[in-house]
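Structure file target_16.csv; described as CSV, C-alpha atoms and all ligand atoms.
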chain,number,residue,atom,x,y,z
A,1,MET,CA,116.1,112.4,101.7
A,2,LEU,CA,116.0,112.8,97.9
A,3,GLU,CA,119.6,111.5,97.7
A,4,PHE,CA,118.7,108.5,99.7
A,5,ALA,CA,115.6,107.9,97.5
A,6,GLY,CA,117.9,108.3,94.4
A,7,TRP,CA,120.3,105.7,95.8
A,8,LEU,CA,117.5,103.3,96.9
A,9,GLN,CA,116.0,103.4,93.4
A,10,THR,CA,119.2,102.1,91.9
A,11,THR,CA,119.6,99.1,94.3
A,12,PRO,CA,119.1,95.6,92.8
A,13,VAL,CA,116.0,94.9,94.9
A,14,SER,CA,114.4,98.2,93.8
A,15,VAL,CA,115.3,97.6,90.2
A,16,THR,CA,113.8,94.0,90.4
A,17,ILE,CA,110.5,95.4,91.9
A,18,GLN,CA,110.4,98.0,89.1
A,19,SER,CA,111.3,95.7,86.2
A,20,VAL,CA,109.2,92.6,87.0
A,21,ARG,CA,105.9,93.8,85.4
A,22,TRP,CA,103.4,92.1,87.8
A,23,VAL,CA,105.1,93.0,91.2
A,24,ILE,CA,103.9,96.5,91.7
A,25,PRO,CA,100.3,95.8,90.5
A,26,LEU,CA,100.2,92.8,92.7
A,27,LEU,CA,101.4,94.8,95.8
A,28,GLN,CA,98.9,97.6,95.1
A,29,SER,CA,96.1,95.0,94.7
A,30,ILE,CA,96.9,93.4,98.0
A,31,HIS,CA,97.3,96.9,99.6
A,32,ILE,CA,93.9,97.9,98.3
A,33,LEU,CA,92.2,94.7,99.4
A,34,MET,CA,93.6,95.2,102.9
A,35,ILE,CA,92.0,98.7,103.0
A,36,GLY,CA,88.6,96.9,103.1
A,37,VAL,CA,89.7,94.5,105.9
A,38,VAL,CA,91.3,97.3,108.1
A,39,PHE,CA,88.6,99.9,107.5
A,40,ILE,CA,85.6,97.7,108.0
A,41,SER,CA,87.2,96.3,111.3
A,42,ILE,CA,87.8,99.8,112.6
A,43,LEU,CA,84.2,100.8,111.5
A,44,MET,CA,82.6,97.9,113.3
A,45,ILE,CA,84.6,98.7,116.5
A,46,ALA,CA,83.7,102.4,116.3
A,47,LEU,CA,80.0,101.7,115.6
A,48,ARG,CA,79.9,99.4,118.7
A,49,VAL,CA,81.4,102.3,120.7
A,50,LEU,CA,78.6,104.5,119.3
A,51,GLY,CA,76.1,101.8,120.2
A,52,ARG,CA,74.9,101.5,116.6
A,53,VAL,CA,75.8,97.8,115.9
A,54,ARG,CA,76.1,94.7,118.1
A,55,ALA,CA,74.8,96.8,121.1
A,56,ASP,CA,73.6,93.5,122.6
A,57,GLU,CA,77.2,92.1,122.6
A,58,THR,CA,79.9,93.3,125.1
A,59,PHE,CA,82.6,95.6,123.7
A,60,GLU,CA,85.1,92.9,124.5
A,61,THR,CA,83.3,90.4,122.2
A,62,VAL,CA,83.3,92.9,119.4
A,63,TRP,CA,86.9,93.9,120.0
A,64,THR,CA,88.2,90.3,120.0
A,65,ARG,CA,86.1,89.7,116.9
A,66,PHE,CA,87.5,92.5,114.8
A,67,ALA,CA,90.8,93.7,116.3
A,68,PRO,CA,92.9,90.7,115.0
A,69,TRP,CA,91.7,91.4,111.4
A,70,MET,CA,92.6,95.1,111.9
A,71,TRP,CA,96.1,94.4,113.2
A,72,SER,CA,96.9,91.7,110.7
A,73,GLY,CA,95.6,93.8,107.9
A,74,LEU,CA,97.8,96.7,109.0
A,75,VAL,CA,100.8,94.4,109.1
A,76,VAL,CA,100.1,93.3,105.5
A,77,MET,CA,99.6,97.0,104.5
A,78,ALA,CA,102.9,97.9,106.1
A,79,LEU,CA,104.8,95.1,104.3
A,80,THR,CA,103.2,95.8,100.9
A,81,GLY,CA,103.5,99.6,101.4
A,82,LEU,CA,107.2,99.3,102.4
A,83,THR,CA,107.9,97.1,99.3
A,84,LEU,CA,106.1,99.7,97.1
A,85,ILE,CA,108.4,102.4,98.7
A,86,VAL,CA,111.5,100.4,97.9
A,87,GLY,CA,110.2,100.0,94.4
A,88,GLU,CA,109.4,103.6,93.8
A,89,PRO,CA,111.2,105.7,96.5
A,90,ILE,CA,111.4,109.0,94.6
A,91,ARG,CA,107.7,108.8,93.7
A,92,GLU,CA,106.8,108.3,97.4
A,93,PHE,CA,109.3,110.6,99.1
A,94,THR,CA,108.4,113.5,96.9
A,95,ALA,CA,104.7,113.2,97.5
A,96,LEU,CA,103.3,115.4,100.3
A,97,SER,CA,100.3,113.0,100.4
A,98,PHE,CA,102.7,110.2,101.3
A,99,TRP,CA,104.2,112.0,104.3
A,100,LEU,CA,100.8,113.2,105.6
A,101,LYS,CA,99.5,109.7,105.2
A,102,MET,CA,102.4,108.1,107.1
A,103,GLY,CA,101.9,110.7,109.9
A,104,LEU,CA,98.2,109.9,110.2
A,105,VAL,CA,98.9,106.1,110.1
A,106,ALA,CA,101.2,106.6,113.1
A,107,ILE,CA,98.6,108.7,114.9
A,108,GLY,CA,95.9,106.2,114.0
A,109,VAL,CA,97.8,103.2,115.3
A,110,ALA,CA,99.0,105.0,118.5
A,111,GLY,CA,95.4,106.2,119.1
A,112,THR,CA,93.9,102.8,118.7
A,113,LEU,CA,96.4,101.2,121.0
A,114,ALA,CA,95.8,103.9,123.7
A,115,PHE,CA,92.1,103.6,123.2
A,116,ALA,CA,92.2,99.8,123.7
A,117,ARG,CA,94.5,100.0,126.8
A,118,ALA,CA,92.3,102.7,128.5
A,119,LEU,CA,88.9,101.4,127.7
A,120,ARG,CA,88.9,97.6,127.4
A,121,PRO,CA,89.5,96.9,131.1
A,122,ALA,CA,86.6,99.3,132.1
A,123,ALA,CA,84.2,97.9,129.5
A,124,LEU,CA,85.2,94.4,130.5
A,125,ALA,CA,84.6,95.0,134.2
A,126,ALA,CA,81.2,96.7,133.5
A,127,GLY,CA,79.8,94.0,131.2
A,128,PRO,CA,77.0,94.4,128.6
A,129,GLU,CA,75.5,97.4,130.5
A,130,PHE,CA,78.7,99.5,129.8
A,131,ARG,CA,78.0,102.7,128.0
A,132,PHE,CA,80.8,104.8,126.5
A,133,SER,CA,81.1,108.5,127.4
A,134,ALA,CA,80.3,111.3,125.0
A,135,GLY,CA,84.1,112.0,124.8
A,136,THR,CA,84.9,108.4,123.8
A,137,LYS,CA,82.1,108.5,121.2
A,138,THR,CA,83.6,111.7,119.7
A,139,ALA,CA,87.0,110.0,119.6
A,140,ALA,CA,85.4,107.0,117.8
A,141,VAL,CA,84.0,109.4,115.1
A,142,LEU,CA,87.3,111.2,114.8
A,143,THR,CA,89.1,107.9,114.4
A,144,LEU,CA,86.8,107.1,111.4
A,145,VAL,CA,87.5,110.5,109.9
A,146,LEU,CA,91.2,109.9,110.4
A,147,TRP,CA,91.2,106.5,108.6
A,148,LEU,CA,89.1,108.0,105.7
A,149,ALA,CA,91.7,110.7,105.4
A,150,ILE,CA,94.4,108.0,105.2
A,151,ILE,CA,92.6,106.3,102.4
A,152,PHE,CA,92.2,109.6,100.5
A,153,LEU,CA,95.9,110.5,101.0
A,154,GLY,CA,96.9,107.0,99.8
A,155,ARG,CA,95.1,107.5,96.6
A,156,ALA,CA,96.3,111.1,96.3
A,157,ILE,CA,99.9,110.0,96.2
A,158,ALA,CA,99.5,109.3,92.5
A,159,TYR,CA,98.0,112.8,92.0
A,160,ASP,CA,100.2,114.8,94.4
A,161,THR,CA,100.8,117.8,92.2
A,162,GLU,CA,97.2,118.0,91.1
A,163,VAL,CA,96.0,117.8,94.8
A,164,TRP,CA,98.6,120.0,96.5
A,165,GLY,CA,99.8,122.3,93.6
A,166,SER,CA,103.0,124.2,94.7
A,167,LEU,CA,102.9,122.5,98.2
A,168,SER,CA,103.7,119.1,96.5
A,169,LEU,CA,107.4,118.1,97.0
A,170,HIS,CA,107.7,116.9,93.4
B,201,LIG,C1,101.1,100.9,107.3
B,201,LIG,C2,101.8,101.5,106.5
B,201,LIG,C3,101.6,101.9,105.1
B,201,LIG,C4,102.5,102.1,104.1
B,201,LIG,C5,104.0,102.1,104.3
B,201,LIG,C6,101.8,102.5,102.9
B,201,LIG,C7,102.4,102.9,101.7
B,201,LIG,C8,101.8,103.0,100.5
B,201,LIG,C9,102.4,103.2,99.2
B,201,LIG,C10,103.9,103.3,99.0
B,201,LIG,C11,101.5,103.4,98.3
B,201,LIG,C12,101.6,103.5,96.8
B,201,LIG,C13,101.3,104.9,96.4
B,201,LIG,C14,101.5,105.2,94.9
B,201,LIG,O1,102.7,105.1,94.5
B,201,LIG,O2,100.6,105.5,94.2
B,201,LIG,C15,100.2,103.2,99.0
B,201,LIG,C16,99.0,103.3,98.3
B,201,LIG,C17,97.8,103.4,99.0
B,201,LIG,N1,97.6,103.2,100.3
B,201,LIG,FE1,99.0,102.8,101.7
B,201,LIG,N2,100.5,102.4,103.1
B,201,LIG,C18,100.3,102.1,104.4
B,201,LIG,C19,99.1,101.9,105.1
B,201,LIG,C20,97.9,102.2,104.5
B,201,LIG,C21,96.6,102.2,105.2
B,201,LIG,C22,96.4,101.8,106.6
B,201,LIG,C23,95.6,102.6,104.3
B,201,LIG,C24,94.2,102.8,104.5
B,201,LIG,C25,93.4,102.2,105.4
B,201,LIG,C26,96.3,102.9,103.0
B,201,LIG,C27,95.7,103.3,101.9
B,201,LIG,C28,96.3,103.4,100.6
B,201,LIG,C29,95.6,103.7,99.4
B,201,LIG,C30,94.1,104.0,99.2
B,201,LIG,C31,96.5,103.7,98.3
B,201,LIG,C32,96.3,104.0,96.8
B,201,LIG,C33,96.3,102.6,96.2
B,201,LIG,C34,96.1,102.8,94.7
B,201,LIG,O3,95.0,103.2,94.3
B,201,LIG,O4,97.1,102.5,94.0
B,201,LIG,N3,97.7,102.6,103.2
B,201,LIG,N4,100.4,103.0,100.3

Step by step, read the file and then write its structure as structure tokens.
Ligand code: HEM
Amino acid sequence: MLEFAGWLQTTPVSVTIQSVRWVIPLLQSIHILMIGVVFISILMIALRVLGRVRADETFETVWTRFAPWMWSGLVVMALTGLTLIVGEPIREFTALSFWLKMGLVAIGVAGTLAFARALRPAALAAGPEFRFSAGTKTAAVLTLVLWLAIIFLGRAIAYDTEVWGSLSLH
């Protein structure tokens, strides 16, 4: 993996990303802005499941309101994140925080897809009276914890040795 990162870091596209002064700060800024879009959309959907917000609206209404922002925000984060990886592959691949974060992002996306596929039809059929089970509400809370962990790990990439000590891959 380190060999691949070493090779990637010498490629013309990586050298361009590294050497043009405004590219990495711009990518990081867009990435950080998208955290707000993605996390707030997930928060609103989870709070609707918990019956804390928009309880007078159907789940489907809340889902169709926020899910498009969540998915498009995630696409922008994947694109900016991948470009940051090409620009600084050794920094990313040697950070334990990076690998933990990517694992949690995969679990988060798969979980959200499974959640929507399993629950949207039931909620749609039942209409405004639909109430989520205790298990689903617990899953909603765990989903919020997972995305908060992703945000922490994203920031921890820059402090990997400080955060993980000898566990860091640096
Ligand atoms: C979808 C795929 C994603 C990829 C490939 C990706 C990749 C990256 C990379 C390479 C960095 C730069 C780290 C550094 O060098 O310091 C980064 C930073 C970060 N990412 Fe992601 N990321 C993704 C999604 C997310 C998501 C979904 C979140 C949170 C909702 C997130 C939160 C963060 C945070 C908080 C930072 C630190 C930004 C800073 O302060 O510089 N990322 N990400």

Margin query: List as a list in words the protein and nucleic acid residues near Ala5 (chain A), meaning an atom at most 6 Å away when only C-alpha atoms are counted, but skip any in the same chain fewer than 2 places from it.
Written below: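 The residues that qualify are Leu2, Glu3, Trp7, Leu8, Pro89 and Ile90 of chain A.
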
Could you please extract the residues within 6 Å of ligand LIG 201 (chain B), counting all atoms listed in the file, and hand them back as a PDB file with C-alpha atoms, in the coordinates of the input?
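Dumped everything to result_7.pdb:
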ATOM      1  CA  GLN A  28      98.900  97.600  95.100  1.00  0.00           C
ATOM      2  CA  ILE A  32      93.900  97.900  98.300  1.00  0.00           C
ATOM      3  CA  ILE A  35      92.000  98.700 103.000  1.00  0.00           C
ATOM      4  CA  VAL A  38      91.300  97.300 108.100  1.00  0.00           C
ATOM      5  CA  PHE A  39      88.600  99.900 107.500  1.00  0.00           C
ATOM      6  CA  LEU A  74      97.800  96.700 109.000  1.00  0.00           C
ATOM      7  CA  MET A  77      99.600  97.000 104.500  1.00  0.00           C
ATOM      8  CA  ALA A  78     102.900  97.900 106.100  1.00  0.00           C
ATOM      9  CA  GLY A  81     103.500  99.600 101.400  1.00  0.00           C
ATOM     10  CA  LEU A  82     107.200  99.300 102.400  1.00  0.00           C
ATOM     11  CA  LEU A  84     106.100  99.700  97.100  1.00  0.00           C
ATOM     12  CA  ILE A  85     108.400 102.400  98.700  1.00  0.00           C
ATOM     13  CA  GLU A  92     106.800 108.300  97.400  1.00  0.00           C
ATOM     14  CA  TRP A 147      91.200 106.500 108.600  1.00  0.00           C
ATOM     15  CA  ILE A 150      94.400 108.000 105.200  1.00  0.00           C
ATOM     16  CA  ILE A 151      92.600 106.300 102.400  1.00  0.00           C
ATOM     17  CA  GLY A 154      96.900 107.000  99.800  1.00  0.00           C
ATOM     18  CA  ARG A 155      95.100 107.500  96.600  1.00  0.00           C
ATOM     19  CA  ILE A 157      99.900 110.000  96.200  1.00  0.00           C
ATOM     20  CA  ALA A 158      99.500 109.300  92.500  1.00  0.00           C
TER      21      ALA A 158
END

Margin query: Neighbouring residues of Met44 (chain A) were defined as those with any atom within 8 Å, considering all atoms listed in the file; residues of the same chain fewer than 6 positions away were excluded. Please report them as a ChimeraX atom specification.
Written below: /A:53,62,66

Next item on the list: For Arg54 (chain A), work out the shell of residues within 12 Å, counting all atoms listed in the file and skipping chain neighbours fewer than 5 positions away, then give it as a count of residues only.
Entry: 13

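Using only C-alpha atoms, the smallest distance between any of A:Thr161, A:Thr143, A:Ser29, A:Gln18 and Leu104 (chain A) comes from A:Thr143.
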
Next item on the list: Do a neighbour search on Phe130 (chain A) at 12 Å with all atoms listed in the file, toss out local chain neighbours closer than 6 positions, and write the hits as a list in words.
Entry: Arg48, Val49, Leu50, Gly51, Ala55, Asp56, Glu57, Thr58, Phe59, Glu60, Leu119, Arg120, Pro121, Ala122, Ala123 and Leu124 of chain A

Next item on the list: Calculate how many Å separate CA of Pro25 (chain A) from CA of Leu153 (chain A), rounding to one decimal.
Entry: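 Taking CA of Pro25 (chain A) and CA of Leu153 (chain A), their separation equals 18.6 Å.
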
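Nearest residue to Gly36 (chain A), choosing from A:Val163, A:Leu148, A:Ile17, A:Val109 and counting only C-alpha atoms: A:Leu148.
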
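CA of Ile24 (chain A) sits 20.7 Å away from CA of Phe4 (chain A).
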
Next item on the list: Between A:Ile42, A:Val86, A:Val13, A:Val145, single out the one closest to Pro68 (chain A), counting only C-alpha atoms.
Entry: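 Using only C-alpha atoms, Pro68 (chain A) sits closest to A:Ile42.
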